[in-house]
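To start, the structure itself, in structure tokens.
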Amino acid sequence: MEYNELLNIKKRMEEGAGDYAEPKEINLPKRMIYSFAGRISKAYREKIETSTNINLYDFVESLKGNVHCVNLCDYLKSGSIYVHAKEDFDIVLPMFTSPIRDRFTIAHEIGHYFLHSFAGEKKICANRRDSNRVEWEANWFAASFLMPKYLIDEMSSPNESKLADAFGVSEEAASYRLKNIGI
């Protein structure tokens, strides 16, 4: 990440410090979050005419957001999202993680964007700190967005390895998804 980009994000956060909220859980059932994420994923896949894994950097760009990679000494938290307004947000990733891990992290942060900032209607700053309901909701969103049930249903004998290959996720994430949809 360019140092000036980092400074610009930090400056925006400091200028509006009182305006940014911690994300609050929406307390919808897991199945509803799965369904919501699946619908967003399906609509985007239909728009770009693909049924395979999607380029999340392109998806974020289509929402007018940005993805930045930072090293450990940068002072913005990595694995975070800063939602400034509708169609204006920054996702910050660590430089030292794998592309598969980055895919899930980006999808998780997109979950915060849709679920907790209401697609940019509310300014939020979401930093991973704990395992709490807000983080679970973002994880549920990410799992369904990356591995939508309708595409899993079309697979013959889906398993962890097939899902990992088809959707660009880890076998652990694929296993969790299969378990949660009852396969």
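Simple scheme: letters A, B, ... for chains in structure tokens order, numbers from 1 for residues in each chain, numbers from 1 for ligands in the order shown.
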
Quick one: which region 137-179 of chain A residues come within 7 Å of region 52-60 of chain A, and what is the nearest atom pair for each with the distance in Å to one decimal, counting only C-alpha atoms, rows ordered by chain and ascending number, as a Markdown table?
| residue | atom | partner | partner_atom | distance |
| --- | --- | --- | --- | --- |
| A:Ala166 | CA | A:Thr52 | CA | 6.3 |
| A:Phe167 | CA | A:Asn53 | CA | 4.6 |
| A:Gly168 | CA | A:Asn53 | CA | 6.4 |

If we count only C-alpha atoms, what is near Asn66 (chain A) at a cut-off of 7 Å, once residues fewer than 4 positions away on the same chain are taken out, given as a PyMOL selection string? chain A and resi 60-61+89-91

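Considering only C-alpha atoms, the residue among A:Lys47, A:Arg39, A:Lys24, A:Lys64 positioned nearest to Leu115 (chain A) is A:Lys24.
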
Write out as a PyMOL selection string all residues of region 27-135 of chain A that backbone DSSP assigns to helix (DSSP H, G or I). chain A and resi 30-48+56-62+99-116+133-135

Please provide the set of residues having any atom within 12 Å of Val134 (chain A), restricted to only C-alpha atoms, with same-chain residues fewer than 5 positions apart removed, written as a compact mmCIF listing (two decimals) with N, CA, C and O atoms, in the first residue's frame.
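The new file selection.txt reads:
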# COMPACT_ATOMS: atom_id res chain seq x y z
N GLU A 22 -18.73 1.22 15.95
CA GLU A 22 -18.40 -0.20 15.95
C GLU A 22 -19.60 -0.91 15.34
O GLU A 22 -20.75 -0.51 15.58
N PRO A 23 -19.38 -1.94 14.55
CA PRO A 23 -20.53 -2.66 14.00
C PRO A 23 -21.34 -3.33 15.11
O PRO A 23 -20.79 -3.80 16.09
N LYS A 24 -22.64 -3.32 14.93
CA LYS A 24 -23.56 -3.96 15.88
C LYS A 24 -24.20 -5.16 15.19
O LYS A 24 -24.53 -5.11 14.01
N GLU A 25 -24.40 -6.21 15.97
CA GLU A 25 -25.02 -7.41 15.40
C GLU A 25 -26.43 -7.09 14.92
O GLU A 25 -27.11 -6.24 15.48
N ILE A 26 -26.82 -7.78 13.85
CA ILE A 26 -28.18 -7.57 13.34
C ILE A 26 -29.12 -8.64 13.86
O ILE A 26 -30.33 -8.51 13.74
N ASN A 27 -28.57 -9.70 14.44
CA ASN A 27 -29.34 -10.76 15.11
C ASN A 27 -30.36 -11.46 14.22
O ASN A 27 -31.39 -11.91 14.70
N LEU A 28 -30.07 -11.54 12.93
CA LEU A 28 -30.89 -12.38 12.06
C LEU A 28 -30.42 -13.83 12.21
O LEU A 28 -29.25 -14.07 12.49
N LYS A 30 -28.96 -17.40 11.24
CA LYS A 30 -27.89 -17.77 10.31
C LYS A 30 -28.46 -18.06 8.92
O LYS A 30 -27.91 -17.62 7.92
N ILE A 33 -29.05 -14.92 6.94
CA ILE A 33 -27.81 -14.30 6.47
C ILE A 33 -27.25 -15.11 5.30
O ILE A 33 -26.81 -14.54 4.30
N HIS A 108 -15.52 -11.65 4.17
CA HIS A 108 -15.93 -11.33 5.54
C HIS A 108 -16.16 -9.82 5.70
O HIS A 108 -17.19 -9.39 6.25
N GLU A 109 -15.23 -9.03 5.19
CA GLU A 109 -15.36 -7.57 5.29
C GLU A 109 -16.54 -7.07 4.45
O GLU A 109 -17.23 -6.12 4.84
N GLY A 111 -19.17 -8.72 4.10
CA GLY A 111 -20.28 -9.04 4.99
C GLY A 111 -20.56 -7.90 5.96
O GLY A 111 -21.71 -7.51 6.16
N HIS A 112 -19.50 -7.34 6.55
CA HIS A 112 -19.69 -6.17 7.43
C HIS A 112 -20.31 -5.01 6.64
O HIS A 112 -21.19 -4.31 7.16
N TYR A 113 -19.85 -4.81 5.42
CA TYR A 113 -20.37 -3.71 4.60
C TYR A 113 -21.88 -3.85 4.41
O TYR A 113 -22.63 -2.91 4.64
N LEU A 115 -24.09 -6.11 5.99
CA LEU A 115 -24.90 -6.41 7.18
C LEU A 115 -24.85 -5.32 8.24
O LEU A 115 -25.87 -5.01 8.86
N HIS A 116 -23.68 -4.76 8.47
CA HIS A 116 -23.51 -3.89 9.63
C HIS A 116 -23.42 -2.41 9.30
O HIS A 116 -23.65 -1.57 10.16
N SER A 117 -23.11 -2.09 8.03
CA SER A 117 -23.16 -0.68 7.64
C SER A 117 -24.36 -0.42 6.73
O SER A 117 -24.55 0.69 6.26
N ALA A 126 -14.72 -1.68 11.40
CA ALA A 126 -14.76 -3.04 11.94
C ALA A 126 -13.36 -3.62 11.95
O ALA A 126 -12.77 -3.84 10.91
N ASN A 127 -12.84 -3.83 13.13
CA ASN A 127 -11.54 -4.47 13.32
C ASN A 127 -11.76 -5.80 14.04
O ASN A 127 -12.47 -5.84 15.03
N ARG A 128 -11.13 -6.83 13.54
CA ARG A 128 -11.26 -8.13 14.21
C ARG A 128 -10.55 -8.09 15.54
O ARG A 128 -9.37 -7.84 15.61
N ARG A 129 -11.31 -8.34 16.57
CA ARG A 129 -10.73 -8.40 17.90
C ARG A 129 -11.09 -9.70 18.59
O ARG A 129 -10.27 -10.33 19.18
N ASN A 139 -18.78 -13.87 9.10
CA ASN A 139 -18.29 -15.16 8.62
C ASN A 139 -19.37 -15.94 7.90
O ASN A 139 -19.12 -16.58 6.87
N TRP A 140 -20.60 -15.93 8.44
CA TRP A 140 -21.70 -16.62 7.77
C TRP A 140 -21.94 -16.03 6.39
O TRP A 140 -22.15 -16.75 5.41
N PHE A 141 -21.92 -14.71 6.32
CA PHE A 141 -22.08 -14.04 5.04
C PHE A 141 -20.97 -14.49 4.08
O PHE A 141 -21.25 -14.86 2.94

Which residues of region 51-136 of chain A have any atom within 12 Å of an atom in region 151-165 of chain A when counting only C-alpha atoms, and what is the closest pair of atoms for each, with the distance in Å to one decimal? Order the rows by chain and rising number and write it as a Markdown table.
| residue | atom | partner | partner_atom | distance |
| --- | --- | --- | --- | --- |
| A:Ser51 | CA | A:Leu151 | CA | 7.4 |
| A:Thr52 | CA | A:Leu151 | CA | 8.6 |
| A:Asn53 | CA | A:Asp165 | CA | 9.1 |
| A:Ile100 | CA | A:Ala164 | CA | 9.2 |
| A:Arg101 | CA | A:Ala164 | CA | 11.8 |
| A:Arg103 | CA | A:Ala164 | CA | 11.7 |
| A:Phe104 | CA | A:Ala164 | CA | 11.6 |

Output the selection as a PDB file, in the first residue's frame - C-alpha atoms for each residue.
ATOM      1  CA  SER A  51     -20.792 -19.813 -12.028  1.00  0.00           C
ATOM      2  CA  THR A  52     -17.267 -20.356 -10.774  1.00  0.00           C
ATOM      3  CA  ASN A  53     -15.349 -18.426  -8.198  1.00  0.00           C
ATOM      4  CA  ILE A 100      -7.058 -18.195  -0.191  1.00  0.00           C
ATOM      5  CA  ARG A 101      -7.032 -16.534   3.227  1.00  0.00           C
ATOM      6  CA  ARG A 103     -10.483 -14.294  -0.317  1.00  0.00           C
ATOM      7  CA  PHE A 104     -12.250 -15.230   2.901  1.00  0.00           C
TER       8      PHE A 104
END

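Relative to CA of Pro29 (chain A), CA of Pro148 (chain A) is found at 16.8 Å.
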